[in-house]
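Trainee: Handing you this structure, nothing more for now.
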Amino acid sequence: MNTYLSDEEYDDWFFDLGGARDDLVQLLKTRGLGPGSRVLDVAAGHGTLTLKVAQAVREGEVVAVGLANDVRDYKWFRTQVPEGQFSSMVYYLEMDATHLEFEDGRFDFVVNFLGLEDIRMTSGDEGMAHALQEMARVVRPGGHVQVAIAVYGDEPDEVLLKEVESFIGHGAVFPPPEFLRDQLRENGLEMDEELLLVPGRKLTATQAKEEISFACERTPVIFQEYGVRTRDFEEVWNRFGLEIERVGLAHYSRISCIVARKPLG
Ligand SMILES: C[S@@+](CC[C@H](N)C(=O)[O-])C[C@H]1O[C@@H](n2cnc3c(N)ncnc32)[C@H](O)[C@@H]1O
């Protein structure tokens with residue numbers, strides 16, 4: 001059963017997620033992530049995972065890519081994190097995940113943490129497939145691609161989340177893990193490991209209202225050039241508000257992580 005976030009926890013929940021990013025960095029360390037690694041973080045958002053990876057890498061090269069709004073967010077986020085030894089080798093570039101401007105096999109690791117939903121929103125299903133193809137292309141033979149997506153489970157608050165996200169209409173809905181596996185295999189990668197993380201939390205009605213109003217009111221503005229549209233907040237709340245008050249709304253309650261490897265030769 002997912003438990004409610006307190007208002008204090010909610011403020012930082014996306015940056016915390018029950019330590020999910022740390023767990024994924026640990027997993028990559030068992031695949032050789034460390035000093036000297038060359039890593040690409042695709043659709044890196046604020047760069048929360050990027051900086052954790054950079055801490056693990058040191059003296060390697062960590063490149064993060066995102067849209068113009070992400071570059072702005074990263075610049076702010078970077079000021080919130082104490083200067084560390086890793087700061088000099090993080091390069092945050094404005095670049096679309098569907099067309100990565102790097103040569104084949106440039107990176108030892110390519111990571112994508114909760115980015116596919118947003119890529120689907122800006123570029124559709126086709127864009128999401130292109131982004132996965134690009135991730136597979138720029139990893140070197142013997143290197144790893146790690147993709148993490150939120151999973152909608154069977155709890156009432158999780159079923160409700162999927163309905164709410166679909167109804168909002170912006171297209172920001174995570175694909176099922178099977179889609180991910182199929183796409184990575186189609187692009188020549190082999191499945192290496194799969195991990196289900198269960199932060200197990202949900203939003204109160206007040207917190208859910210804040211999330212949904214952000215999705216309805218801000219995303220069309222932030223992603224205006226991609227033609228992102230949503231329904232009005234009132235329409236969404238009128239339809240789902242009562243049920244959300246009854247059972248809450250899941251919020252990254254389960255995260256599925258797939259690690260795939262590019263075969264040698
Ligand atoms: C949820 S964030 C990623 C979170 C991040 N990995 C972390 O550790 O917090 C996903 C980001 O993908 C960006 N995005 C959406 N479409 C994109 C695209 N086509 N190419 C690159 N980034 C994109 C959005 O701007 C959004 O900030």
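For the structure tokens, the naming scheme is as follows: chains receive sequential letters (A, B, ...) according to their order of presentation, residues are indexed from 1 within each chain, and ligands are indexed from 1 in presentation order.
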Which residues sit within 7 Å of ligand 1, counting only C-alpha atoms and all ligand atoms, listed as a PyMOL selection string?
Mentor: chain A and resi 15+42-50+65-67+69-70+95-98+112-115+118-123
Trainee: With N, CA and C atoms retained, write the just-selected residues as a PDB file, in the first residue's frame.
Mentor:
ATOM      1  N   PHE A  15      13.138  15.135  -6.180  1.00  0.00           N
ATOM      2  CA  PHE A  15      14.599  15.086  -6.091  1.00  0.00           C
ATOM      3  C   PHE A  15      15.060  13.910  -5.225  1.00  0.00           C
ATOM      4  N   VAL A  42      20.525  11.418 -20.931  1.00  0.00           N
ATOM      5  CA  VAL A  42      19.604  11.907 -21.977  1.00  0.00           C
ATOM      6  C   VAL A  42      18.308  12.412 -21.343  1.00  0.00           C
ATOM      7  N   ALA A  43      17.842  13.567 -21.803  1.00  0.00           N
ATOM      8  CA  ALA A  43      16.659  14.221 -21.225  1.00  0.00           C
ATOM      9  C   ALA A  43      16.883  14.375 -19.724  1.00  0.00           C
ATOM     10  N   ALA A  44      17.944  15.089 -19.393  1.00  0.00           N
ATOM     11  CA  ALA A  44      18.466  15.101 -18.024  1.00  0.00           C
ATOM     12  C   ALA A  44      17.717  16.024 -17.063  1.00  0.00           C
ATOM     13  N   GLY A  45      16.781  16.811 -17.558  1.00  0.00           N
ATOM     14  CA  GLY A  45      15.987  17.676 -16.670  1.00  0.00           C
ATOM     15  C   GLY A  45      16.878  18.623 -15.878  1.00  0.00           C
ATOM     16  N   HIS A  46      16.650  18.689 -14.558  1.00  0.00           N
ATOM     17  CA  HIS A  46      17.470  19.549 -13.704  1.00  0.00           C
ATOM     18  C   HIS A  46      18.903  19.036 -13.580  1.00  0.00           C
ATOM     19  N   GLY A  47      19.109  17.788 -13.936  1.00  0.00           N
ATOM     20  CA  GLY A  47      20.459  17.215 -13.817  1.00  0.00           C
ATOM     21  C   GLY A  47      20.684  16.522 -12.484  1.00  0.00           C
ATOM     22  N   THR A  48      19.593  16.123 -11.841  1.00  0.00           N
ATOM     23  CA  THR A  48      19.733  15.489 -10.519  1.00  0.00           C
ATOM     24  C   THR A  48      20.517  14.184 -10.627  1.00  0.00           C
ATOM     25  N   LEU A  49      20.138  13.342 -11.572  1.00  0.00           N
ATOM     26  CA  LEU A  49      20.899  12.094 -11.756  1.00  0.00           C
ATOM     27  C   LEU A  49      22.297  12.414 -12.292  1.00  0.00           C
ATOM     28  N   THR A  50      22.373  13.392 -13.186  1.00  0.00           N
ATOM     29  CA  THR A  50      23.672  13.747 -13.781  1.00  0.00           C
ATOM     30  C   THR A  50      24.718  13.999 -12.692  1.00  0.00           C
ATOM     31  N   VAL A  65      22.097  16.053 -21.717  1.00  0.00           N
ATOM     32  CA  VAL A  65      21.401  16.812 -22.760  1.00  0.00           C
ATOM     33  C   VAL A  65      19.936  17.004 -22.377  1.00  0.00           C
ATOM     34  N   GLY A  66      19.432  18.168 -22.748  1.00  0.00           N
ATOM     35  CA  GLY A  66      18.043  18.495 -22.471  1.00  0.00           C
ATOM     36  C   GLY A  66      17.615  19.658 -23.351  1.00  0.00           C
ATOM     37  N   LEU A  67      16.367  20.083 -23.182  1.00  0.00           N
ATOM     38  CA  LEU A  67      15.841  21.195 -23.973  1.00  0.00           C
ATOM     39  C   LEU A  67      16.257  22.521 -23.317  1.00  0.00           C
ATOM     40  N   ASN A  69      14.622  24.753 -21.692  1.00  0.00           N
ATOM     41  CA  ASN A  69      14.133  24.937 -20.316  1.00  0.00           C
ATOM     42  C   ASN A  69      14.976  24.134 -19.317  1.00  0.00           C
ATOM     43  N   ASP A  70      15.500  22.990 -19.772  1.00  0.00           N
ATOM     44  CA  ASP A  70      16.313  22.151 -18.884  1.00  0.00           C
ATOM     45  C   ASP A  70      17.665  22.799 -18.602  1.00  0.00           C
ATOM     46  N   MET A  95      20.079  19.905 -26.413  1.00  0.00           N
ATOM     47  CA  MET A  95      20.042  18.953 -27.523  1.00  0.00           C
ATOM     48  C   MET A  95      18.791  18.074 -27.402  1.00  0.00           C
ATOM     49  N   ASP A  96      18.160  17.822 -28.531  1.00  0.00           N
ATOM     50  CA  ASP A  96      16.967  16.987 -28.534  1.00  0.00           C
ATOM     51  C   ASP A  96      17.361  15.508 -28.463  1.00  0.00           C
ATOM     52  N   ALA A  97      16.703  14.782 -27.576  1.00  0.00           N
ATOM     53  CA  ALA A  97      17.027  13.356 -27.381  1.00  0.00           C
ATOM     54  C   ALA A  97      16.796  12.532 -28.643  1.00  0.00           C
ATOM     55  N   THR A  98      15.973  13.036 -29.534  1.00  0.00           N
ATOM     56  CA  THR A  98      15.659  12.245 -30.726  1.00  0.00           C
ATOM     57  C   THR A  98      16.737  12.389 -31.808  1.00  0.00           C
ATOM     58  N   ASN A 112      18.983   7.298 -18.870  1.00  0.00           N
ATOM     59  CA  ASN A 112      17.769   8.080 -19.103  1.00  0.00           C
ATOM     60  C   ASN A 112      16.836   7.774 -17.938  1.00  0.00           C
ATOM     61  N   PHE A 113      16.678   8.764 -17.064  1.00  0.00           N
ATOM     62  CA  PHE A 113      15.913   8.537 -15.837  1.00  0.00           C
ATOM     63  C   PHE A 113      14.623   9.346 -15.881  1.00  0.00           C
ATOM     64  N   LEU A 114      13.509   8.652 -16.001  1.00  0.00           N
ATOM     65  CA  LEU A 114      12.179   9.285 -16.032  1.00  0.00           C
ATOM     66  C   LEU A 114      12.077  10.350 -17.121  1.00  0.00           C
ATOM     67  N   GLY A 115      12.764  10.117 -18.229  1.00  0.00           N
ATOM     68  CA  GLY A 115      12.740  11.094 -19.316  1.00  0.00           C
ATOM     69  C   GLY A 115      11.806  10.706 -20.454  1.00  0.00           C
ATOM     70  N   ASP A 118       8.414  12.516 -20.898  1.00  0.00           N
ATOM     71  CA  ASP A 118       8.495  13.884 -21.437  1.00  0.00           C
ATOM     72  C   ASP A 118       8.861  13.878 -22.913  1.00  0.00           C
ATOM     73  N   ILE A 119       9.686  12.927 -23.303  1.00  0.00           N
ATOM     74  CA  ILE A 119      10.039  12.842 -24.729  1.00  0.00           C
ATOM     75  C   ILE A 119       8.780  12.483 -25.525  1.00  0.00           C
ATOM     76  N   ARG A 120       7.958  11.610 -24.948  1.00  0.00           N
ATOM     77  CA  ARG A 120       6.696  11.275 -25.612  1.00  0.00           C
ATOM     78  C   ARG A 120       5.809  12.512 -25.736  1.00  0.00           C
ATOM     79  N   MET A 121       5.835  13.352 -24.704  1.00  0.00           N
ATOM     80  CA  MET A 121       5.010  14.564 -24.718  1.00  0.00           C
ATOM     81  C   MET A 121       5.466  15.526 -25.824  1.00  0.00           C
ATOM     82  N   THR A 122       6.781  15.690 -25.978  1.00  0.00           N
ATOM     83  CA  THR A 122       7.265  16.666 -26.971  1.00  0.00           C
ATOM     84  C   THR A 122       7.386  16.065 -28.365  1.00  0.00           C
ATOM     85  N   SER A 123       7.587  14.741 -28.464  1.00  0.00           N
ATOM     86  CA  SER A 123       7.913  14.153 -29.769  1.00  0.00           C
ATOM     87  C   SER A 123       7.070  12.947 -30.139  1.00  0.00           C
TER      88      SER A 123
END
Trainee: Using only C-alpha atoms, find the one residue out of A:Ala148, A:Val39, A:Val57, A:Leu264 that sits nearest to A:Pro177.
Mentor: A:Ala148
Trainee: Measuring between only C-alpha atoms, which one of A:Thr79, A:Val173, A:Lys52, A:Leu160 shows the shortest distance to A:Gly19?
Mentor: A:Lys52
Trainee: Can you write out as CSV which residues of stretch 72-185 of chain A fall within 10 Å of stretch 199-206 of chain A, alongside each residue's closest atom pair and its distance in Å to one decimal, counting only C-alpha atoms and ordering rows by chain and ascending residue number?
Mentor:
residue,atom,partner,partner_atom,distance
A:Asp157,CA,A:Lys202,CA,7.3
A:Glu158,CA,A:Lys202,CA,8.5
A:Leu161,CA,A:Lys202,CA,9.8
